[in-house]
Amino acid sequence: MSVGKFIERLLQLIPVLLGVSIIVFVMMLFTPGDPVAIMLGDQHVTEELENALRHDMGLDLPPHQRFFKFLSNALTLDFGLSYYHRQPVWDVIASRLPATIELSLAALVFALVVSIPLGVLAAVHKNSLLDRIATVTSLFGVSLPGFWFGILLIIFFAVNMHWLPVAGRAGFESEVAPITHLLLVDSLLRGRIDAFWDALRHLILPTITLGLPMASILTRVTRASMLDVLNRDYITFAEAKGLSKTKILIKHALKNALIPTVTVAAIETGSLLGGNMVVETVFGWPGLGRLVVESIFVRNYPLIQAAVLFYAVTYVMLNFFADILYTMLNPRVKL
Amino acid sequence: MKRSTTLLALVLASALALPTAMQAQELRVGFTLDALTLDPANHRNRETETIIRNMFDGLVTRDSDMNVVPELAESWTAIDPTTYEFKLRPGVTFHDGSPLTAADVKFSLDRLTKENAMGGQTSPRQSLLGPLKEVVVVDDLTVRLVLESPWPILPAMLPFQEMVSQAHVEAIGQEGMAEGVNGTGPFKLVEWRKGDSVIMERFDGYYGGATDISPTGKACVERVIFKVIPENSSRVAALLAGDVHIINSLPSHLVAQVEANPDTKVMAVNGTRTSYIALNNQTGPFADIRVRRALAHAVDRELIVDKILNGKATLTNGILSPDAFGKNDNLPTYEYDVDKAKALLAEAGYPDGLTVTLDVDGANKEIAEAISAVASKGGFQINVVVGEGSMLTTRFRTKGEPIDGQMWLTSWGNGSLDPVGIFVPTHRTADRGNSSGYSNVEVDALLDAANVETDRSVRADLYGKAEAMVNADLPKLYLWVAQDLYGVSTKLTGWKPSSDSRINLHDACLN
Amino acid sequence: MTTVTHWTGDAGTAKSETLFQRNMKLFASNRLSIFFLFITLGFVFMAVAAPLIAPHDPSDADLFRRLLPPAWMEGGDWSFPLGCDALGRDILSRIIYGSRVSIFIGATVILVATTIGVLAGLAAGYLRGWVDIVISRLVDILLGFPYLIFAIALIAMTGPGLQNIVLALAYKEWVIPCRVVRGETLATSGVEYVEAARAMGASRSDIMLREILPNILSPVLVVSTVRMAHVIILEASLSFLGLGVQPPMASWGSMVADGRSFMLQEWWLSTFPGLAILLLVLSINVVSQGLRDAFDPRFHD
């Protein structure tokens, strides 16, 4: 892809991001209750002080000016104060972000590791028992309500069998000085195998719960595209040339068959973000999803708005990269 | 598929092979909520208080009988009704080794009470110190607290006002205080993993704590971890699995299970939180005293305590808990009596029963639904509406303005166990917790008189009279004071739950 | 199934009806799909006839039956086959009534979203120009939000409740049929019979509704079924988080949530309603897959 095309595609993001922030802003406008009153809680202040606060927060401006203020603040990650935590909203979000990123990445890896071999094998041995099992499993995978499946996993693996921890992100001995803030990575970098195992044990159940729907979708995608590729002429040609089956699979078929898988994976990573709210709540995972859910119940609106905007921007960017990736992997597609 | 199964098997095997060997002297608490901040001046939140009070000490503290005793202060005297003098203990140091001085005490209290004293913000705890006007440094180890008006409960309000180091605050700034701890408490901060845990270790330079509470000296355990486990079942499972040694907020239906486990037991303490249903006395059906009384006769409180709370609550006929100062023990009870309820309803003009709406927040939903279920026999059709806490607060705690709603199941905590902390705000005309729109000038007069009365028995009498009046007016349906339930490991010694919901780990040991 | 008849009723031309009918016959020959179609219909029947089949009033509480175990367990009672919840309400009856919420919300959201999405997609794909630009931009922007987060943000604003949930989900759901229909319309609008109709002077709305629409019904049907399954899970997730329909109305998601704090011992509180969600969603998904297999030209040979 040429640089020019890339820049053009990048520019197309601007109206979308602008639209997304307008929607978030409008949500904020229509949020019930007076932000100043909510912020003050049961503190008693003079009317002057209240008006000064109102002015500081830009609430006395007309809507379009408020929007520009909101936008310019958002660009500098200034989302105001989380009254509940009495800290800047972005600080609170940033402190919860690594946990969410770690879980999402783990779910992504889990989904890829499960779905690619399964999808390929199912396609190669079409209509075999394995293929049927893969189809049924992936149907279950997209039909299981995550919040319920997570509870079942906890009941079985943690409560009954004591194999895995019930909830949380890390055990007690395992604190390691942060480098990347991702516990798995940090514990390895610090050479703390014990902490690594501990973090991994905590990750297993939430990762499965979060990654299962994605693994199911990717299995289907891989299977379908593998079948598609296997029917193409060049594979038949390679077979005719007498190349070994494994070699054909790996060298020719897999490379092409994985293009849709990778693209869908990039898009689905965005929907993992949504699943986080439920899974983090079930597993007491200290991430952004749980923070947002908690914030709803204490009406911590600035935090909800910032988080929604953050999720949306991440989502848009992921889709953008999925597009780029698809184009790069698949030279036949023109932007 | 195959590869991932092997991987999973490998992980499981290693998990079994490496049992999480506990360090003998690490005490873990499975706790419902994370701290909001580690700045003792910048919150008004019980859970935050519980966690950070292990790292910060106050001028005074409470012993196990809830008496106020000196902690950082050696002693105090009331020079006159509006001036209290505190002598500080010599040799107290902060975690960074610097000594605690009278200047730090003044700084800490000013930070709580003065406008904009926290880097431009005002502390949300300001109103907890009521009429405190000024703090005067007399010498290095003596301070005077000067009040605007007599306020006999000043010492009772001080256990939860912690002392910070002036130099430290000035060095790290207001924002740094959210995470930078330098207190005088028995434990110092190792790491705060937000949303997950607060890790502390023993402060070896600890001065020893309150002399009236033995043992004194540095803390028994080397490390302490508050692990945030919001979900009830998960918290209990962590206790049963031996991952944590103390859990708070043990759900009553799991008491039997914790008791059945040989390694765990249940500890209970009378709470200080009174549960009640606020009734709208201004307009609507509950403006009629007969309807309020009918409701009191229609709700089988004993059955609910027995079935839902597993008997772990004490019924109360007024706002004060049985342990509170000035509690009137002779209040009449509105007995469960379906016929009486129906008769009163008919008298008030509702011979066919009455349909009303009960607002409640998510945490109390189960109780509200149980109340709705039992009250139907007495002619009340109660629809439960789950709302969000702060929204309900604005609708009901209106400070005298019209209330938006009919009934609200809520509660009011009273860590100080003094009526000033609960009776006044919930019953005085237009006060901040008066969620019934209740107004009785005689009650107001009694409460105001008690507020400044320095003779303890006269003061108790005033509250007793006020309680009797309120019991007759019945602005709220008083329910019970629930016990706070804790699950603890049998390895734990030296620790007892405390009525003020503190989890003081100074004396806790592990065997 | 109601959706199917609705769409065939709309299909005007004989030509498309035969294609659609051929597809449906193919679908009907798939025994697995038909089996799950009957399960789905069973749930619909359960929802409609809830007052007739539920053994008890779903909100009839009795503290003396608190946490009663399922009938086959020790202490169980056959008049409460799946046991009782924390307030002594019959779990079976609550599951039966809970199907009303899931199915009502699933069906309403899909109906509203499909109607809007199809019309918008037709307009964008056929009229092109500024209509297409406006609709496509809006679609892009709405696609920028993860679904659950968008719905949660809206409900945080409007408060929970049946109507608000339908709105919160439909606000974004229409985008999906719209995209499909727009793409199909773009592909269809150049083909001969559309050209022919245009040459014969048919109005634009006639062309869109009579010529193009019948030919894109199949993908729309596939998309609506698979999305319905998704919407049902979303509704259950919202209810689980406490943002769904309000008590005393029974909903499967909130039943799972209420049972969660009892999972150490009284596992039946959340297990059964969760199973109900799984079975309904799975059935719809299997039906949807059957429809796709039947409609996909690649499988026709």
# chains A, B, ... in the order shown; residues from 1 in each chain; ligands from 1
$ interface_residues --of "chain A" --to "chain B" --cutoff "8 Å" --atoms "only C-alpha atoms" --output "ChimeraX atom specification"
/A:42-43,84-87,95-96,113-115,117-118,159,162-169,172-173,197-198,201,282,284-287,297-299
$ interface_residues --of "chain C" --to "chain B" --cutoff "12 Å" --atoms "only C-alpha atoms" --output "PyMOL selection string"
chain C and resi 59-67+85-89+156+159-161+241-249+254+257-267
$ write_last_selection --atoms "C-alpha atoms" --output "PDB file, in the first residue's frame"
ATOM      1  CA  SER C  59     -43.500 -13.016  42.466  1.00  0.00           C
ATOM      2  CA  ASP C  60     -45.259 -15.010  45.166  1.00  0.00           C
ATOM      3  CA  ALA C  61     -42.673 -14.933  47.946  1.00  0.00           C
ATOM      4  CA  ASP C  62     -42.733 -16.951  51.122  1.00  0.00           C
ATOM      5  CA  LEU C  63     -39.765 -16.747  53.443  1.00  0.00           C
ATOM      6  CA  PHE C  64     -40.513 -20.198  54.775  1.00  0.00           C
ATOM      7  CA  ARG C  65     -39.578 -21.597  51.360  1.00  0.00           C
ATOM      8  CA  ARG C  66     -36.356 -19.613  51.212  1.00  0.00           C
ATOM      9  CA  LEU C  67     -33.634 -21.423  49.215  1.00  0.00           C
ATOM     10  CA  ASP C  85     -34.896 -18.469  45.387  1.00  0.00           C
ATOM     11  CA  ALA C  86     -33.825 -16.358  48.353  1.00  0.00           C
ATOM     12  CA  LEU C  87     -37.342 -15.026  48.849  1.00  0.00           C
ATOM     13  CA  GLY C  88     -39.009 -18.386  48.405  1.00  0.00           C
ATOM     14  CA  ARG C  89     -40.254 -17.721  44.876  1.00  0.00           C
ATOM     15  CA  ALA C 156     -26.726   5.057  32.755  1.00  0.00           C
ATOM     16  CA  GLY C 159     -32.176   4.709  33.801  1.00  0.00           C
ATOM     17  CA  PRO C 160     -33.089   1.047  33.497  1.00  0.00           C
ATOM     18  CA  GLY C 161     -36.495  -0.263  32.422  1.00  0.00           C
ATOM     19  CA  LEU C 241     -25.174  -5.986  35.683  1.00  0.00           C
ATOM     20  CA  GLY C 242     -28.333  -4.600  37.311  1.00  0.00           C
ATOM     21  CA  LEU C 243     -29.204  -2.372  34.357  1.00  0.00           C
ATOM     22  CA  GLY C 244     -32.033  -4.473  32.995  1.00  0.00           C
ATOM     23  CA  VAL C 245     -35.732  -4.715  33.759  1.00  0.00           C
ATOM     24  CA  GLN C 246     -36.657  -3.941  37.325  1.00  0.00           C
ATOM     25  CA  PRO C 247     -38.068  -6.217  40.024  1.00  0.00           C
ATOM     26  CA  PRO C 248     -40.412  -7.855  40.625  1.00  0.00           C
ATOM     27  CA  MET C 249     -40.350  -8.655  36.894  1.00  0.00           C
ATOM     28  CA  SER C 254     -31.054 -10.789  36.910  1.00  0.00           C
ATOM     29  CA  ALA C 257     -27.077 -12.165  39.195  1.00  0.00           C
ATOM     30  CA  ASP C 258     -29.255 -12.670  42.282  1.00  0.00           C
ATOM     31  CA  GLY C 259     -28.136 -16.266  42.541  1.00  0.00           C
ATOM     32  CA  ARG C 260     -24.487 -15.395  42.288  1.00  0.00           C
ATOM     33  CA  SER C 261     -24.030 -14.688  45.971  1.00  0.00           C
ATOM     34  CA  PHE C 262     -25.511 -18.109  46.705  1.00  0.00           C
ATOM     35  CA  MET C 263     -23.289 -20.029  44.311  1.00  0.00           C
ATOM     36  CA  LEU C 264     -21.224 -21.648  47.059  1.00  0.00           C
ATOM     37  CA  GLN C 265     -24.163 -23.736  48.209  1.00  0.00           C
ATOM     38  CA  GLU C 266     -27.442 -22.974  46.480  1.00  0.00           C
ATOM     39  CA  TRP C 267     -26.128 -23.460  42.950  1.00  0.00           C
TER      40      TRP C 267
END
$ atom_distance --atom1 "CA of Arg182 in chain C" --atom2 "CA of Arg22 in chain C"
24.1 Å
$ interface_residues --of "chain A" --to "chain C" --cutoff "7 Å" --atoms "only C-alpha atoms" --output "CSV table (one decimal) with N, CA and C atoms, in the first residue's frame"
chain,number,residue,atom,x,y,z
A,16,VAL,N,-15.1,10.2,11.6
A,16,VAL,CA,-15.7,9.2,12.5
A,16,VAL,C,-15.4,9.6,14.0
A,19,GLY,N,-17.5,12.4,15.1
A,19,GLY,CA,-18.8,12.0,15.3
A,19,GLY,C,-19.0,11.2,16.6
A,20,VAL,N,-18.0,10.4,16.9
A,20,VAL,CA,-18.0,9.6,18.2
A,20,VAL,C,-18.0,10.6,19.3
A,31,THR,N,-27.4,13.9,30.4
A,31,THR,CA,-27.3,13.2,31.6
A,31,THR,C,-28.1,14.0,32.7
A,32,PRO,N,-29.0,13.2,33.4
A,32,PRO,CA,-29.8,13.9,34.4
A,32,PRO,C,-29.0,14.4,35.6
A,139,LEU,N,-20.6,-23.4,18.1
A,139,LEU,CA,-22.0,-22.9,18.3
A,139,LEU,C,-22.3,-22.7,19.8
A,140,PHE,N,-21.8,-23.6,20.7
A,140,PHE,CA,-21.9,-23.3,22.1
A,140,PHE,C,-21.2,-22.1,22.5
A,143,SER,N,-23.0,-19.0,22.0
A,143,SER,CA,-24.3,-19.0,22.7
A,143,SER,C,-24.3,-18.9,24.2
A,144,LEU,N,-23.1,-19.2,24.7
A,144,LEU,CA,-23.0,-19.2,26.2
A,144,LEU,C,-23.0,-17.7,26.7
A,145,PRO,N,-23.8,-17.4,27.7
A,145,PRO,CA,-23.7,-16.1,28.3
A,145,PRO,C,-22.5,-16.1,29.2
A,148,TRP,N,-22.6,-16.1,33.0
A,148,TRP,CA,-23.1,-17.4,33.6
A,148,TRP,C,-22.0,-18.4,33.5
A,270,GLY,N,-11.7,-5.6,19.4
A,270,GLY,CA,-12.6,-4.5,19.8
A,270,GLY,C,-13.7,-4.9,20.7
A,271,SER,N,-14.4,-6.1,20.3
A,271,SER,CA,-15.5,-6.5,21.0
A,271,SER,C,-15.2,-7.1,22.3
A,274,GLY,N,-15.9,-4.8,25.1
A,274,GLY,CA,-17.2,-4.8,25.7
A,274,GLY,C,-17.4,-5.9,26.6
A,296,ILE,N,-21.3,3.4,37.3
A,296,ILE,CA,-22.7,3.7,36.9
A,296,ILE,C,-23.5,3.8,38.2
A,308,VAL,N,-16.2,5.7,27.9
A,308,VAL,CA,-16.9,5.4,26.6
A,308,VAL,C,-16.1,6.0,25.5
A,312,ALA,N,-14.4,3.8,22.5
A,312,ALA,CA,-14.8,4.1,21.1
A,312,ALA,C,-13.6,4.4,20.3
A,315,TYR,N,-11.6,1.3,19.7
A,315,TYR,CA,-12.4,0.4,18.8
A,315,TYR,C,-12.2,0.9,17.4
A,316,VAL,N,-12.3,2.2,17.2
A,316,VAL,CA,-12.2,2.7,15.8
A,316,VAL,C,-10.7,2.5,15.3
$ residues_around --residues "Ala210 in chain B" --least-positions-apart "6" --cutoff "9 Å" --atoms "only C-alpha atoms" --output "NGL selection string"
:B and (60-61 or 63 or 69-74 or 216)
$ decode --residues "range 58-77 of chain C" --atoms "C-alpha atoms" --output "PDB file, in the first residue's frame"
ATOM      1  CA  PRO C  58     -43.537 -15.711  39.793  1.00  0.00           C
ATOM      2  CA  SER C  59     -43.500 -13.016  42.466  1.00  0.00           C
ATOM      3  CA  ASP C  60     -45.259 -15.010  45.166  1.00  0.00           C
ATOM      4  CA  ALA C  61     -42.673 -14.933  47.946  1.00  0.00           C
ATOM      5  CA  ASP C  62     -42.733 -16.951  51.122  1.00  0.00           C
ATOM      6  CA  LEU C  63     -39.765 -16.747  53.443  1.00  0.00           C
ATOM      7  CA  PHE C  64     -40.513 -20.198  54.775  1.00  0.00           C
ATOM      8  CA  ARG C  65     -39.578 -21.597  51.360  1.00  0.00           C
ATOM      9  CA  ARG C  66     -36.356 -19.613  51.212  1.00  0.00           C
ATOM     10  CA  LEU C  67     -33.634 -21.423  49.215  1.00  0.00           C
ATOM     11  CA  LEU C  68     -35.704 -24.579  48.858  1.00  0.00           C
ATOM     12  CA  PRO C  69     -33.621 -27.069  46.847  1.00  0.00           C
ATOM     13  CA  PRO C  70     -34.784 -28.663  43.581  1.00  0.00           C
ATOM     14  CA  ALA C  71     -37.311 -31.470  43.955  1.00  0.00           C
ATOM     15  CA  TRP C  72     -34.872 -34.362  43.460  1.00  0.00           C
ATOM     16  CA  MET C  73     -32.554 -33.151  46.198  1.00  0.00           C
ATOM     17  CA  GLU C  74     -32.932 -33.743  49.877  1.00  0.00           C
ATOM     18  CA  GLY C  75     -35.579 -31.420  51.270  1.00  0.00           C
ATOM     19  CA  GLY C  76     -36.991 -30.665  47.845  1.00  0.00           C
ATOM     20  CA  ASP C  77     -40.663 -30.437  47.048  1.00  0.00           C
TER      21      ASP C  77
END
